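J.: Below is a structure I'd like to ask you about.
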Number of protein chains: 2
Amino acid sequence: MSASKRDILVRGAMNVFYREGFNATGMDKLAKETGVSKMTMYKHFRSKEDLILAALRLRDDEFLSSFTRLVEEGAKTPKGRLLGVFDALADWIEGRDFYSCMFIKATSEYQSPEHPIHVASAEHKRKVLAFIQGLAGEAGAKNPKLLARQLFMLTEGETVTAFILGKSGVAADAKAAAKVLIEAALPGQNT
Amino acid sequence: MSASKRDILVRGAMNVFYREGFNATGMDKLAKETGVSKMTMYKHFRSKEDLILAALRLRDDEFLSSFTRLVEEGAKTPKGRLLGVFDALADWIEGRDFYSCMFIKATSEYQSPEHPIHVASAEHKRKVLAFIQGLAGEAGAKNPKLLARQLFMLTEGETVTAFILGKSGVAADAKAAAKVLIEAALPGQNT
DNA sequence: TCTTATATTTACTGATCAGTATATTAATAA
DNA sequence: TTATTAATATACTGATCAGTAAATATAAGA
């Protein structure tokens with residue numbers, strides 16, 4: 001009951017923060033949008049910052065689990081999964097609920113590297129990077145860490161570019177680049 | 001005199017907006033920081049939005065001119081300049097005044113694609129992309145547009161990654177990726 | 001039934017937001 | 001000197017910000 005109200009609040013906050021930004025979203029608006037009264041909000045979270053952190057945590061959970069599942073179900077070979085990262089990303093970007101990356105936007109508003117919101121965003125990104133690095137290792141890359149970092153940068157650039165310049169063609173171009181990088185990073189095979 | 005006050009204001013606003021964000025920076029703070037009184041600010045700009053647009057215009061001018069000059073003076077061959085993009089980027093990222101990209105952050109706070117601030121940011125990015133595309137064409141890439149979009153995405157990802165996960169190694173990894181992409185996109189040569 | 005504890009709502013706090021009206025200063029012109 | 005004009009500073013507007021105190025409704029226990 002009380003837990004459910006909390007969940008409604010966090011999920012609603014996550015959506016509004018994602019679409020409209022953090023500084024731009026007031027607590028009153030959140031109360032109205034989620035149907036949870038302000039006092040109840042402050043019973044569950046001591047501050048707006050705490051609520052933002054909870055929203056980011058939810059996003060982190062849901063994004064990573066659906067993203068990794070999509071990649072792991074999408075291809076059988078490690079190399080196929082490595083490339084599949086860019087198919088999963090394409091799905092997300094080309095969907096109707098894409099408004100860039102919530103964590104990139106969070107660091108844009110909370111810039112200090114020590115700020116808890118910045119830290120939480122960095123942790124999320126490190127998880128994504130670690131997932132890619134795992135795939136690169138399984139695929140037998142000569143330097144899995146390097147390849148993972150390069151592919152990760154490509155995903156970040158793809159996300160930002162799709163948001164600023166428009167989605168059209170971006171995912172395909174990024175996937176083509178990924179293919180080149182992956183081929184070059186795996187020990188000689190003529191495929 | 002009056003023009004100079006305007007310049008002081010715009011430059012000061014640019015710096016504060018860059019370091020601390022747009023929504024997080026109030027007009028009072030800007031007045032105090034630049035030494036230009038609020039009334040004078042509003043004599044030169046009708047609104048905060050207009051001042052932000054002026055600050056972005058200044059940034060666009062200065063960033064692009066110094067960036068393109070750096071690239072063009074840094075290497076003689078077109079192919080060298082294409083790779084030199086990533087040296088220029090490394091200089092910027094590893095400098096002490098790097099707080100990610102002002103335009104990426106601007107679109108994070110003004111998300112609607114129709115918003116003038118979002119539009120101005122997109123125009124800046126299109127200029128950067130066009131510059132890279134020019135280099136790719138001169139270098140004789142098979143598909144200059146594709147290569148430019150891929151390298152552009154890599155620069156965006158590099159910038160964001162350096163800001164969120166830290167600068168260490170990012171520029172070198174991105175440059176190595178760029179080298180692979182460039183080699184693959186230029187018609188056969190054994191170098 | 002009455003009592004007590006808990007949720008929730010309403011109404012508020014002081015601070016700050018963007019933007020402006022008024023007062024004051026400074027400079028020029030005669 | 002005095003009149004006029006332009007630039008600046010002070011002080012304000014109503015709106016909204018994050019956060020809270022007091023009042024009301026609800027529930028459970030006896």
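Here, A, B, ... name the chains of the structure tokens in the order displayed, residue numbers run from 1 inside each chain, and ligands are numbered from 1 in the same displayed order.
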Check every residue of chain B for an atom within 9 Å of chain C, counting only C-alpha atoms (C1' of nucleotides), and provide those that qualify as a PDB file with all heavy atoms, in the first residue's frame.

T.:
ATOM      1  N   GLY B  26      20.938  32.085 -12.376  1.00  0.00           N
ATOM      2  CA  GLY B  26      19.950  33.161 -12.407  1.00  0.00           C
ATOM      3  C   GLY B  26      20.531  34.458 -12.939  1.00  0.00           C
ATOM      4  O   GLY B  26      21.749  34.639 -12.980  1.00  0.00           O
ATOM      5  N   MET B  27      19.639  35.347 -13.334  1.00  0.00           N
ATOM      6  CA  MET B  27      20.062  36.633 -13.897  1.00  0.00           C
ATOM      7  C   MET B  27      20.754  37.500 -12.841  1.00  0.00           C
ATOM      8  O   MET B  27      21.659  38.257 -13.162  1.00  0.00           O
ATOM      9  CB  MET B  27      18.854  37.370 -14.476  1.00  0.00           C
ATOM     10  CG  MET B  27      18.225  36.659 -15.668  1.00  0.00           C
ATOM     11  SD  MET B  27      19.335  36.518 -17.096  1.00  0.00           S
ATOM     12  CE  MET B  27      18.851  37.942 -18.073  1.00  0.00           C
ATOM     13  N   MET B  39      19.515  46.004 -15.123  1.00  0.00           N
ATOM     14  CA  MET B  39      18.845  46.864 -16.097  1.00  0.00           C
ATOM     15  C   MET B  39      19.623  46.929 -17.406  1.00  0.00           C
ATOM     16  O   MET B  39      19.046  46.903 -18.490  1.00  0.00           O
ATOM     17  CB  MET B  39      18.657  48.271 -15.525  1.00  0.00           C
ATOM     18  CG  MET B  39      17.418  48.416 -14.687  1.00  0.00           C
ATOM     19  SD  MET B  39      15.944  47.814 -15.541  1.00  0.00           S
ATOM     20  CE  MET B  39      15.692  49.130 -16.734  1.00  0.00           C
ATOM     21  N   TYR B  42      19.144  43.859 -19.381  1.00  0.00           N
ATOM     22  CA  TYR B  42      17.859  43.806 -20.094  1.00  0.00           C
ATOM     23  C   TYR B  42      17.733  44.906 -21.145  1.00  0.00           C
ATOM     24  O   TYR B  42      16.795  44.916 -21.921  1.00  0.00           O
ATOM     25  CB  TYR B  42      16.700  43.854 -19.102  1.00  0.00           C
ATOM     26  CG  TYR B  42      16.399  42.492 -18.520  1.00  0.00           C
ATOM     27  CD1 TYR B  42      16.894  42.116 -17.275  1.00  0.00           C
ATOM     28  CD2 TYR B  42      15.648  41.565 -19.233  1.00  0.00           C
ATOM     29  CE1 TYR B  42      16.628  40.858 -16.759  1.00  0.00           C
ATOM     30  CE2 TYR B  42      15.374  40.315 -18.719  1.00  0.00           C
ATOM     31  CZ  TYR B  42      15.864  39.966 -17.487  1.00  0.00           C
ATOM     32  OH  TYR B  42      15.609  38.717 -16.978  1.00  0.00           O
ATOM     33  N   SER B  47      15.416  39.021 -22.939  1.00  0.00           N
ATOM     34  CA  SER B  47      15.082  37.923 -22.028  1.00  0.00           C
ATOM     35  C   SER B  47      16.332  37.089 -21.758  1.00  0.00           C
ATOM     36  O   SER B  47      17.350  37.220 -22.447  1.00  0.00           O
ATOM     37  CB  SER B  47      14.006  37.036 -22.650  1.00  0.00           C
ATOM     38  OG  SER B  47      14.524  36.411 -23.804  1.00  0.00           O
ATOM     39  N   LYS B  48      16.217  36.237 -20.764  1.00  0.00           N
ATOM     40  CA  LYS B  48      17.299  35.309 -20.459  1.00  0.00           C
ATOM     41  C   LYS B  48      17.578  34.412 -21.662  1.00  0.00           C
ATOM     42  O   LYS B  48      18.737  34.135 -21.988  1.00  0.00           O
ATOM     43  CB  LYS B  48      16.921  34.470 -19.243  1.00  0.00           C
ATOM     44  CG  LYS B  48      18.006  33.506 -18.800  1.00  0.00           C
ATOM     45  CD  LYS B  48      17.550  32.658 -17.607  1.00  0.00           C
ATOM     46  CE  LYS B  48      18.653  31.709 -17.167  1.00  0.00           C
ATOM     47  NZ  LYS B  48      18.211  30.838 -16.048  1.00  0.00           N
TER      48      LYS B  48
END

J.: For the contact check between segment 19-122 of chain B and segment 5-16 of chain D, emit one row per residue of segment 19-122 of chain B within 10 Å, containing the shortest atom pair and the distance in Å rounded to one decimal, counting only C-alpha atoms (C1' of nucleotides), chain then rising number order, as a tab-separated table.

T.:
residue	atom	partner	partner_atom	distance
B:Val36	CA	D:DT8	C1'	9.5
B:Ser37	CA	D:DT8	C1'	7.3
B:Lys38	CA	D:DA9	C1'	9.0
B:Met39	CA	D:DT8	C1'	7.6
B:Thr40	CA	D:DT8	C1'	7.6

J.: Store the residues picked out above in a file with N, CA, C and O atoms, as an mmCIF file, in the first residue's frame.

T.:
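Resulting contents of selection09.cif:
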data_model
loop_
_atom_site.group_PDB
_atom_site.id
_atom_site.type_symbol
_atom_site.label_atom_id
_atom_site.label_comp_id
_atom_site.auth_asym_id
_atom_site.auth_seq_id
_atom_site.Cartn_x
_atom_site.Cartn_y
_atom_site.Cartn_z
ATOM 1 N N VAL B 36 27.818 43.721 -14.613
ATOM 2 C CA VAL B 36 26.851 44.472 -15.420
ATOM 3 C C VAL B 36 25.506 44.451 -14.700
ATOM 4 O O VAL B 36 25.030 43.394 -14.294
ATOM 5 N N SER B 37 24.918 45.628 -14.523
ATOM 6 C CA SER B 37 23.681 45.682 -13.748
ATOM 7 C C SER B 37 22.528 45.035 -14.513
ATOM 8 O O SER B 37 22.536 44.937 -15.739
ATOM 9 N N LYS B 38 21.544 44.621 -13.751
ATOM 10 C CA LYS B 38 20.428 43.892 -14.329
ATOM 11 C C LYS B 38 19.707 44.722 -15.402
ATOM 12 O O LYS B 38 19.342 44.195 -16.462
ATOM 13 N N MET B 39 19.515 46.004 -15.123
ATOM 14 C CA MET B 39 18.845 46.864 -16.097
ATOM 15 C C MET B 39 19.623 46.929 -17.406
ATOM 16 O O MET B 39 19.046 46.903 -18.490
ATOM 17 N N THR B 40 20.925 47.023 -17.275
ATOM 18 C CA THR B 40 21.762 47.066 -18.471
ATOM 19 C C THR B 40 21.691 45.748 -19.241
ATOM 20 O O THR B 40 21.654 45.744 -20.479
#

J.: Should the cut-off be 12 Å, what would the residue list for chain D against chain A look like, counting only C-alpha atoms (C1' of nucleotides), as a list in words?

T.: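 The contacting residues on chain D are DT16, DC17, DA18, DG19, DT20 and DA21 of chain D.
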
J.: Select all residues from chain A having any atom no more than 6 Å from an atom of chain B (counting only C-alpha atoms, ignoring ligands), output as a PyMOL selection string.

T.: chain A and resi 105+108+122+153-154+156-158+164-165

J.: Segment 20-158 of chain A: which residues are alpha helix (DSSP H) by DSSP, as JSON, numbers by chain?

T.: {"A": [20, 27, 28, 29, 30, 31, 32, 33, 34, 38, 39, 40, 41, 42, 43, 44, 48, 49, 50, 51, 52, 53, 54, 55, 56, 57, 58, 59, 60, 61, 62, 63, 64, 65, 66, 67, 68, 69, 70, 71, 72, 73, 74, 78, 79, 80, 81, 82, 83, 84, 85, 86, 87, 88, 89, 90, 91, 92, 93, 94, 102, 103, 104, 105, 106, 107, 108, 109, 116, 117, 118, 119, 120, 121, 122, 123, 124, 125, 126, 127, 128, 129, 130, 131, 132, 133, 134, 135, 136, 137, 138, 144, 145, 146, 147, 148, 149, 150, 151, 152, 153, 154, 155, 156, 157, 158]}

J.: Which is closer to Asp60 of chain A than all the others in A:Val128, A:Leu82, A:Ala141, A:Leu186, using only C-alpha atoms?

T.: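 Using only C-alpha atoms, Asp60 of chain A sits closest to A:Val128.
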
J.: How many Å separate atom CA of Gly74 of chain B from atom CA of Ala88 of chain B?

T.: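 Between atom CA of Gly74 of chain B and atom CA of Ala88 of chain B the gap is 8.5 Å.
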
J.: Please, what distance in Å, to one decimal, runs between atom CA of Leu51 of chain B and atom CA of Val10 of chain B?

T.: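 Separation between atom CA of Leu51 of chain B and atom CA of Val10 of chain B: 7.0 Å.
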